[in-house]
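Quick look at structure-v2.csv (CSV, C-alpha atoms):
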chain,number,residue,atom,x,y,z
A,1,MET,CA,-40.1,-2.9,39.1
A,2,PRO,CA,-36.7,-1.3,38.1
A,3,VAL,CA,-33.8,-3.7,38.7
A,4,VAL,CA,-30.0,-3.5,39.0
A,5,GLU,CA,-27.7,-6.3,38.0
A,6,THR,CA,-25.4,-7.3,40.8
A,7,VAL,CA,-22.7,-10.1,40.8
A,8,LEU,CA,-25.2,-12.4,42.5
A,9,GLY,CA,-28.1,-11.5,40.1
A,10,PRO,CA,-30.7,-8.9,39.6
A,11,VAL,CA,-31.9,-6.9,42.6
A,12,ALA,CA,-34.9,-4.5,42.8
A,13,VAL,CA,-33.6,-0.9,43.0
A,14,HIS,CA,-35.3,-0.2,46.4
A,15,GLU,CA,-33.5,-3.2,47.9
A,16,LEU,CA,-30.0,-1.7,47.3
A,17,GLY,CA,-30.3,0.4,50.5
A,18,GLU,CA,-27.4,2.8,51.1
A,19,VAL,CA,-25.0,2.9,48.2
A,20,ASP,CA,-21.3,3.6,48.1
A,21,ALA,CA,-21.2,4.6,44.4
A,22,HIS,CA,-17.4,4.2,43.7
A,23,GLU,CA,-15.2,1.4,45.0
A,24,HIS,CA,-12.6,-1.2,43.9
A,25,VAL,CA,-12.9,-4.5,45.6
A,26,PHE,CA,-9.9,-5.9,43.6
A,27,LEU,CA,-7.5,-3.9,41.6
A,28,ARG,CA,-4.2,-4.3,39.7
A,29,THR,CA,-2.9,-1.5,37.5
A,30,PRO,CA,0.5,-0.4,36.2
A,31,VAL,CA,-0.4,3.1,37.3
A,32,ASN,CA,0.1,2.0,41.0
A,33,PRO,CA,2.7,-0.7,40.8
A,34,GLY,CA,3.1,-2.8,44.0
A,35,ASP,CA,-0.2,-1.5,45.5
A,36,GLU,CA,-2.5,-4.1,44.0
A,37,PHE,CA,-5.1,-5.9,46.2
A,38,LEU,CA,-6.3,-9.3,45.0
A,39,ASP,CA,-6.9,-11.4,48.1
A,40,THR,CA,-10.5,-12.7,48.4
A,41,ASP,CA,-10.5,-13.1,52.2
A,42,LYS,CA,-9.2,-9.6,52.7
A,43,ALA,CA,-11.8,-8.3,50.2
A,44,ALA,CA,-14.6,-10.0,52.2
A,45,ALA,CA,-13.2,-8.6,55.5
A,46,GLU,CA,-13.1,-5.1,54.0
A,47,LEU,CA,-16.7,-5.4,52.8
A,48,LEU,CA,-17.8,-6.7,56.3
A,49,ARG,CA,-16.4,-3.4,57.7
A,50,VAL,CA,-18.4,-1.5,55.0
A,51,ALA,CA,-21.6,-3.4,56.0
A,52,ALA,CA,-21.0,-2.6,59.7
A,53,SER,CA,-20.8,1.1,58.8
A,54,GLY,CA,-24.3,1.0,57.4
A,55,ILE,CA,-23.7,0.8,53.7
A,56,ARG,CA,-25.6,-2.0,51.8
A,57,THR,CA,-24.4,-1.7,48.2
A,58,VAL,CA,-21.0,-1.1,46.7
A,59,VAL,CA,-20.5,-0.1,43.0
A,60,ASP,CA,-17.2,-1.7,42.0
A,61,LEU,CA,-15.9,0.5,39.1
A,62,THR,CA,-12.9,-1.8,38.2
A,63,PRO,CA,-13.1,-2.1,34.4
A,64,VAL,CA,-11.7,-4.7,32.0
A,65,GLY,CA,-8.1,-5.8,32.4
A,66,LEU,CA,-7.4,-4.3,35.9
A,67,GLY,CA,-7.7,-7.3,38.1
A,68,ARG,CA,-11.4,-8.1,38.1
A,69,HIS,CA,-12.1,-11.5,39.6
A,70,PRO,CA,-15.9,-12.1,39.1
A,71,GLY,CA,-16.0,-15.4,41.0
A,72,GLN,CA,-14.1,-14.0,44.0
A,73,LEU,CA,-16.1,-10.8,43.8
A,74,ALA,CA,-19.3,-12.9,44.1
A,75,GLU,CA,-17.8,-14.8,47.1
A,76,ALA,CA,-16.9,-11.6,48.9
A,77,SER,CA,-20.4,-10.3,48.3
A,78,ARG,CA,-21.9,-13.5,49.7
A,79,THR,CA,-19.7,-13.5,52.7
A,80,SER,CA,-20.3,-9.8,53.6
A,81,GLY,CA,-23.9,-9.5,52.7
A,82,ILE,CA,-23.0,-6.5,50.5
A,83,HIS,CA,-24.7,-6.1,47.1
A,84,VAL,CA,-21.9,-5.5,44.6
A,85,VAL,CA,-22.6,-3.9,41.2
A,86,ALA,CA,-19.6,-4.7,39.0
A,87,ALA,CA,-18.3,-2.8,36.0
A,88,THR,CA,-17.2,-3.5,32.5
A,89,GLY,CA,-15.6,-1.0,30.2
A,90,PHE,CA,-12.2,0.6,29.7
A,91,HIS,CA,-10.3,3.0,31.9
A,92,ARG,CA,-8.2,5.9,30.7
A,93,SER,CA,-5.3,4.8,28.5
A,94,ALA,CA,-2.6,5.2,31.1
A,95,HIS,CA,-3.9,2.0,32.7
A,96,TYR,CA,-3.2,-0.1,29.6
A,97,PRO,CA,0.4,-0.8,28.4
A,98,ALA,CA,1.3,-0.1,24.7
A,99,ALA,CA,0.9,-3.8,23.8
A,100,HIS,CA,-2.4,-4.3,25.5
A,101,TRP,CA,-5.1,-5.8,23.1
A,102,ALA,CA,-7.6,-3.1,24.0
A,103,ARG,CA,-5.5,-0.5,22.2
A,104,HIS,CA,-5.4,-2.5,19.0
A,105,ALA,CA,-8.7,-4.4,18.9
A,106,ASP,CA,-11.2,-3.5,16.2
A,107,ASP,CA,-14.5,-1.7,17.2
A,108,GLU,CA,-16.6,-4.8,16.9
A,109,THR,CA,-14.4,-6.7,19.3
A,110,LEU,CA,-14.4,-3.9,21.8
A,111,LEU,CA,-18.2,-3.8,21.8
A,112,ASP,CA,-18.5,-7.6,22.0
A,113,VAL,CA,-16.3,-7.7,25.1
A,114,LEU,CA,-18.6,-5.3,26.9
A,115,LEU,CA,-21.8,-6.9,25.8
A,116,ASP,CA,-20.6,-10.4,26.8
A,117,ASP,CA,-19.8,-9.0,30.3
A,118,LEU,CA,-23.2,-7.4,30.6
A,119,ARG,CA,-25.4,-10.1,29.0
A,120,VAL,CA,-23.6,-13.4,29.4
A,121,GLY,CA,-21.2,-12.9,32.4
A,122,MET,CA,-17.9,-11.4,33.0
A,123,ASP,CA,-14.9,-13.4,31.7
A,124,SER,CA,-13.4,-15.4,34.5
A,125,HIS,CA,-9.9,-14.3,33.5
A,126,ASP,CA,-10.8,-10.7,32.9
A,127,TRP,CA,-10.1,-11.0,29.2
A,128,ALA,CA,-6.4,-11.8,29.8
A,129,PHE,CA,-6.4,-15.0,27.7
A,130,PRO,CA,-7.3,-15.7,24.1
A,131,ARG,CA,-10.3,-17.8,24.9
A,132,PRO,CA,-12.9,-16.4,27.3
A,133,ILE,CA,-14.5,-18.4,30.0
A,134,PRO,CA,-17.7,-16.6,31.0
A,135,SER,CA,-18.7,-16.6,34.6
A,136,PRO,CA,-22.3,-16.5,35.8
A,137,HIS,CA,-21.7,-13.0,37.2
A,138,LYS,CA,-22.8,-10.1,35.1
A,139,ALA,CA,-21.7,-6.5,35.1
A,140,GLY,CA,-24.3,-3.8,35.9
A,141,ILE,CA,-22.5,-0.6,34.9
A,142,ILE,CA,-20.0,0.6,32.2
A,143,LYS,CA,-16.8,2.4,33.3
A,144,LEU,CA,-14.9,4.7,30.9
A,145,GLY,CA,-11.9,7.0,31.6
A,146,ALA,CA,-10.7,10.3,30.3
A,147,SER,CA,-7.2,11.7,30.6
A,148,TYR,CA,-6.2,15.0,32.3
A,149,HIS,CA,-8.0,17.8,30.4
A,150,ARG,CA,-8.4,15.6,27.3
A,151,ILE,CA,-9.8,12.4,25.8
A,152,ASP,CA,-7.2,10.7,23.7
A,153,ARG,CA,-7.7,8.7,20.5
A,154,HIS,CA,-7.8,5.3,22.4
A,155,GLU,CA,-10.2,6.7,24.9
A,156,GLU,CA,-12.5,8.0,22.1
A,157,ARG,CA,-12.8,4.5,20.7
A,158,TRP,CA,-13.5,3.1,24.1
A,159,PHE,CA,-16.2,5.8,24.7
A,160,ALA,CA,-17.8,4.8,21.5
A,161,ALA,CA,-17.9,1.1,22.4
A,162,GLY,CA,-19.1,1.9,25.9
A,163,ALA,CA,-21.9,4.1,24.6
A,164,ALA,CA,-23.1,1.4,22.2
A,165,ALA,CA,-23.1,-1.1,25.0
A,166,ALA,CA,-25.1,1.3,27.2
A,167,ARG,CA,-27.7,1.9,24.5
A,168,SER,CA,-28.1,-1.8,23.9
A,169,THR,CA,-28.4,-2.9,27.6
A,170,GLY,CA,-29.9,0.1,29.4
A,171,VAL,CA,-27.1,0.3,32.1
A,172,PRO,CA,-25.6,3.6,33.1
A,173,VAL,CA,-22.1,4.9,32.3
A,174,ALA,CA,-19.5,6.0,34.9
A,175,VAL,CA,-16.7,8.2,33.7
A,176,HIS,CA,-13.3,8.7,35.4
A,177,THR,CA,-12.5,12.4,35.1
A,178,GLU,CA,-8.8,13.0,35.9
A,179,ILE,CA,-8.8,15.5,38.8
A,180,GLY,CA,-12.3,16.5,37.7
A,181,THR,CA,-11.3,17.7,34.3
A,182,ALA,CA,-12.7,17.1,30.8
A,183,ALA,CA,-16.2,16.5,32.3
A,184,HIS,CA,-18.0,18.5,29.7
A,185,ALA,CA,-16.0,16.9,26.9
A,186,ALA,CA,-17.0,13.4,28.3
A,187,LEU,CA,-20.7,14.4,28.3
A,188,ASP,CA,-20.3,15.8,24.8
A,189,LEU,CA,-18.7,12.6,23.4
A,190,LEU,CA,-21.3,10.3,25.1
A,191,ASP,CA,-24.1,12.5,23.8
A,192,LYS,CA,-22.7,12.3,20.3
A,193,HIS,CA,-22.9,8.5,20.6
A,194,GLY,CA,-26.5,8.5,21.9
A,195,VAL,CA,-26.0,8.4,25.7
A,196,PRO,CA,-27.7,11.4,27.5
A,197,ALA,CA,-26.1,13.1,30.4
A,198,GLY,CA,-28.9,11.7,32.7
A,199,ARG,CA,-27.4,8.2,32.4
A,200,VAL,CA,-23.8,9.4,33.2
A,201,LEU,CA,-22.0,9.4,36.6
A,202,LEU,CA,-19.0,11.7,36.6
A,203,ALA,CA,-16.3,10.5,39.1
A,204,HIS,CA,-13.8,12.5,41.0
A,205,THR,CA,-15.6,15.8,40.6
A,206,ASP,CA,-14.7,16.6,44.2
A,207,ARG,CA,-11.1,16.7,43.2
A,208,ASN,CA,-12.0,19.9,41.4
A,209,PRO,CA,-14.2,21.5,44.0
A,210,ASP,CA,-15.7,24.2,41.8
A,211,PRO,CA,-19.4,24.5,42.6
A,212,GLU,CA,-20.2,26.5,39.5
A,213,LEU,CA,-18.8,23.8,37.3
A,214,HIS,CA,-20.7,21.2,39.3
A,215,LEU,CA,-24.0,23.0,38.9
A,216,ASP,CA,-23.3,23.4,35.1
A,217,LEU,CA,-22.8,19.6,34.8
A,218,ILE,CA,-25.9,18.9,36.8
A,219,ALA,CA,-27.9,21.3,34.7
A,220,ARG,CA,-27.0,19.1,31.7
A,221,GLY,CA,-28.5,16.1,33.6
A,222,ALA,CA,-25.3,14.4,34.8
A,223,TYR,CA,-24.9,12.7,38.2
A,224,LEU,CA,-21.7,13.5,40.2
A,225,VAL,CA,-20.0,11.3,42.6
A,226,TYR,CA,-17.9,12.9,45.3
A,227,ASP,CA,-15.6,9.9,45.8
A,228,THR,CA,-12.3,10.8,47.5
A,229,ILE,CA,-13.8,11.0,51.0
A,230,GLY,CA,-11.4,10.2,53.7
A,231,ARG,CA,-8.3,10.8,51.5
A,232,ILE,CA,-7.1,13.9,53.2
A,233,LYS,CA,-4.0,14.3,50.9
A,234,TYR,CA,-6.4,15.8,48.3
A,235,ARG,CA,-8.3,18.1,50.6
A,236,PRO,CA,-10.1,18.0,54.0
A,237,ASP,CA,-13.5,16.3,54.1
A,238,SER,CA,-15.0,19.7,55.2
A,239,VAL,CA,-14.5,20.8,51.5
A,240,VAL,CA,-16.8,18.0,50.4
A,241,LEU,CA,-19.3,18.8,53.1
A,242,GLY,CA,-19.3,22.4,51.8
A,243,LEU,CA,-19.9,21.2,48.2
A,244,ILE,CA,-22.8,19.0,49.3
A,245,GLU,CA,-24.3,21.9,51.2
A,246,ARG,CA,-24.0,24.1,48.2
A,247,MET,CA,-25.7,21.6,46.0
A,248,ALA,CA,-28.5,21.2,48.5
A,249,GLU,CA,-29.0,25.0,48.6
A,250,ALA,CA,-29.4,24.9,44.8
A,251,GLY,CA,-31.9,22.1,45.1
A,252,LYS,CA,-29.6,19.6,43.2
A,253,LEU,CA,-28.8,17.1,45.8
A,254,GLY,CA,-30.7,14.4,43.9
A,255,GLN,CA,-27.8,14.2,41.4
A,256,ILE,CA,-25.0,13.8,44.0
A,257,CYS,CA,-23.7,10.4,45.0
A,258,LEU,CA,-20.9,9.5,47.4
A,259,GLY,CA,-18.0,7.0,47.5
A,260,THR,CA,-14.4,6.5,48.6
A,261,ASP,CA,-12.7,5.0,45.5
A,262,VAL,CA,-10.1,3.2,47.5
A,263,GLY,CA,-7.6,2.2,44.8
A,264,ARG,CA,-4.5,1.2,46.7
A,265,LYS,CA,-3.8,-1.7,49.0
A,266,SER,CA,-2.2,0.8,51.4
A,267,SER,CA,-5.6,2.5,51.9
A,268,LEU,CA,-7.4,-0.7,53.0
A,269,SER,CA,-7.9,-1.7,56.6
A,270,ALA,CA,-7.7,-5.4,55.8
A,271,TYR,CA,-4.1,-4.8,54.6
A,272,GLY,CA,-3.2,-2.7,57.6
A,273,GLY,CA,-3.7,0.6,55.9
A,274,GLY,CA,-6.2,3.4,56.0
A,275,PRO,CA,-8.6,5.2,56.0
A,276,GLY,CA,-10.4,2.0,54.9
A,277,MET,CA,-13.3,1.5,52.6
A,278,ASP,CA,-15.7,2.0,55.5
A,279,VAL,CA,-14.7,5.6,56.0
A,280,LEU,CA,-17.8,6.8,54.2
A,281,GLY,CA,-20.3,5.3,56.6
A,282,ARG,CA,-18.1,5.3,59.6
A,283,ASP,CA,-16.9,8.9,59.7
A,284,PHE,CA,-18.3,11.0,56.9
A,285,VAL,CA,-22.0,10.1,57.0
A,286,PRO,CA,-22.4,11.1,60.7
A,287,ARG,CA,-20.8,14.5,59.9
A,288,LEU,CA,-23.1,15.0,56.9
A,289,ARG,CA,-26.2,14.1,59.0
A,290,ARG,CA,-25.2,16.6,61.7
A,291,ARG,CA,-24.8,19.3,59.1
A,292,LEU,CA,-27.7,18.7,56.7
A,293,GLY,CA,-30.0,16.2,58.4
A,294,HIS,CA,-31.3,12.7,57.7
A,295,GLU,CA,-33.1,13.5,54.5
A,296,ALA,CA,-29.9,14.8,52.8
A,297,VAL,CA,-28.2,11.6,53.8
A,298,GLU,CA,-31.0,9.5,52.4
A,299,THR,CA,-30.9,11.5,49.1
A,300,VAL,CA,-27.2,11.0,48.4
A,301,LEU,CA,-26.9,7.4,49.7
A,302,ARG,CA,-30.2,6.0,48.5
A,303,TYR,CA,-32.4,8.1,46.1
A,304,ALA,CA,-29.7,9.5,43.8
A,305,PRO,CA,-27.6,6.3,43.2
A,306,GLN,CA,-30.7,4.1,43.0
A,307,ALA,CA,-32.1,6.3,40.3
A,308,LEU,CA,-28.9,6.2,38.3
A,309,LEU,CA,-28.3,2.5,38.6
A,310,ALA,CA,-31.8,1.3,37.5
A,311,LYS,CA,-31.5,-0.4,34.2
A,312,GLU,CA,-33.6,1.2,31.5
A,313,SER,CA,-36.2,-1.1,30.1
A,314,SER,CA,-36.3,0.7,26.7
A,315,ALA,CA,-32.8,-0.3,25.7
A,316,THR,CA,-32.4,-1.5,22.1
Final structure tokens representation of the file:
Amino acid sequence: MPVVETVLGPVAVHELGEVDAHEHVFLRTPVNPGDEFLDTDKAAAELLRVAASGIRTVVDLTPVGLGRHPGQLAEASRTSGIHVVAATGFHRSAHYPAAHWARHADDETLLDVLLDDLRVGMDSHDWAFPRPIPSPHKAGIIKLGASYHRIDRHEERWFAAGAAAARSTGVPVAVHTEIGTAAHAALDLLDKHGVPAGRVLLAHTDRNPDPELHLDLIARGAYLVYDTIGRIKYRPDSVVLGLIERMAEAGKLGQICLGTDVGRKSSLSAYGGGPGMDVLGRDFVPRLRRRLGHEAVETVLRYAPQALLAKESSAT
């Protein structure tokens, strides 16, 4: 039976239910100063809203060094009843200051950090102190990041480490594409390091709503996550609905996932902001169901993300 590692332990894939494939339950980054969200009670309250909207699993794509709190993440999962799949890995280089250890560590150390998070348990201090204190809560996916239209020299090293960890553990890789760019370059680099496109989730592709590009990426085997739902400053949700409809017409809906990627305190209901992490199930899913029907909703919320998240048993 295929399983997925959650912060509360392994879960059979079919028990994940409806999946929000890109979120941040806690986050702190120099890219968004003053917009961090690290409160455990508020995180649980936000996840309770998500549960009420019909979502059963959240994929938390917060990588190393950006405010991960594995113990508190597990507490929020327990309180809300939401399965949480946590990430290890490294974001695009803009998220790490010039002096950050991830920019200067050797290749072996970079890999060891990821493997410890995946096999032993995520470091309780998110690798911010010299001596790690492993938690019992393991990561279940690897997050990597590319810059706008390019993958810089730091990111190339992090891609290599992430790919090696994915090969060793059988977990999938999620890639931040800045405004939907450098997606082919990310697939090329991961393929070079032995990770096929069929084990890769490309984030933010809806920020570049180019259906021909999306079909080309899917043709290579990649999964796409349309994950800026509810954030109207980027484009209306009708654009995403149109993209999903186009993918359905091409018979490629099985490689589309959905998420909201709420990355700012000011976007969370528990902090008095909006649209809230529950916007996917609350507002968008009913619109999608009216337009394309129940089976389409099941495909993008259940079948596609569950297939991606299942840990490969043939890992080295």
Checklist line | Close residues, stretch 240-248 of chain A itself excluded, 12 Å, all atoms listed in the file, min 5 positions apart in chain, as a ChimeraX atom specification | finding: /A:204-219,223-232,234-235,253-260,280,284-293,295-297,299-300
Within 9 Å of stretch 71-87 of chain A: each stretch 4-50 of chain A residue with its shortest pair, all atoms listed in the file, as JSON lines:
{"residue": "A:Val4", "atom": "CA", "partner": "A:Val85", "partner_atom": "CA", "distance": 7.7}
{"residue": "A:Glu5", "atom": "CA", "partner": "A:Val85", "partner_atom": "CA", "distance": 6.5}
{"residue": "A:Thr6", "atom": "CA", "partner": "A:Val85", "partner_atom": "CA", "distance": 4.4}
{"residue": "A:Val7", "atom": "CA", "partner": "A:Ala74", "partner_atom": "CA", "distance": 5.5}
{"residue": "A:Leu8", "atom": "CA", "partner": "A:Ala74", "partner_atom": "CA", "distance": 6.1}
{"residue": "A:Val11", "atom": "CA", "partner": "A:His83", "partner_atom": "CA", "distance": 8.5}
{"residue": "A:Leu16", "atom": "CA", "partner": "A:His83", "partner_atom": "CA", "distance": 6.9}
{"residue": "A:Val25", "atom": "CA", "partner": "A:Leu73", "partner_atom": "CA", "distance": 7.3}
{"residue": "A:Phe26", "atom": "CA", "partner": "A:Leu73", "partner_atom": "CA", "distance": 7.9}
{"residue": "A:Asp39", "atom": "CA", "partner": "A:Gln72", "partner_atom": "CA", "distance": 8.7}
{"residue": "A:Thr40", "atom": "CA", "partner": "A:Gln72", "partner_atom": "CA", "distance": 5.8}
{"residue": "A:Asp41", "atom": "CA", "partner": "A:Ala76", "partner_atom": "CA", "distance": 7.4}
{"residue": "A:Lys42", "atom": "CA", "partner": "A:Ala76", "partner_atom": "CA", "distance": 8.8}
{"residue": "A:Ala43", "atom": "CA", "partner": "A:Ala76", "partner_atom": "CA", "distance": 6.2}
{"residue": "A:Ala44", "atom": "CA", "partner": "A:Ala76", "partner_atom": "CA", "distance": 4.3}
{"residue": "A:Ala45", "atom": "CA", "partner": "A:Ser80", "partner_atom": "CA", "distance": 7.4}
{"residue": "A:Glu46", "atom": "CA", "partner": "A:Ser80", "partner_atom": "CA", "distance": 8.6}
{"residue": "A:Leu47", "atom": "CA", "partner": "A:Ser80", "partner_atom": "CA", "distance": 5.7}
{"residue": "A:Leu48", "atom": "CA", "partner": "A:Ser80", "partner_atom": "CA", "distance": 4.8}
{"residue": "A:Arg49", "atom": "CA", "partner": "A:Ser80", "partner_atom": "CA", "distance": 8.5}
{"residue": "A:Val50", "atom": "CA", "partner": "A:Ile82", "partner_atom": "CA", "distance": 8.1}
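The two atoms in question, atom CA of A:Leu38 and atom CA of A:Gly54, are spaced 24.2 Å apart.
Of the listed residues A:His184, A:Pro30, A:Val13, A:Gly198, the one whose atoms come nearest to A:Lys311 is A:Val13, with distances taken using all atoms listed in the file.
The space between atom CA of A:Ser124 and atom CA of A:Pro70 spans 6.2 Å.
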Which residues of stretch 137-206 of chain A come within 8 Å of stretch 107-123 of chain A, and what is each one's closest atom pair and distance in Å (one decimal), counting only C-alpha atoms, sorted by chain and residue number, as a Markdown table?
| residue | atom | partner | partner_atom | distance |
| --- | --- | --- | --- | --- |
| A:His137 | CA | A:Gly121 | CA | 4.8 |
| A:Lys138 | CA | A:Gly121 | CA | 4.2 |
| A:Ala139 | CA | A:Leu118 | CA | 4.8 |
| A:Gly140 | CA | A:Leu118 | CA | 6.5 |
| A:Arg157 | CA | A:Asp107 | CA | 7.3 |
| A:Trp158 | CA | A:Leu110 | CA | 7.4 |
| A:Ala161 | CA | A:Leu111 | CA | 4.9 |
| A:Gly162 | CA | A:Leu111 | CA | 7.1 |
| A:Ala164 | CA | A:Leu111 | CA | 7.2 |
| A:Ala165 | CA | A:Leu115 | CA | 6.0 |
| A:Thr169 | CA | A:Leu118 | CA | 7.5 |
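Shortest separation to A:Ile179 among A:Ile151, A:Trp127, A:Ala146, A:Gly194 occurs at residue A:Ala146, atoms counted being only C-alpha atoms.
Our summary of the geometry notes that atom CA of A:Lys265 is positioned 9.7 Å from atom CA of A:Arg28.
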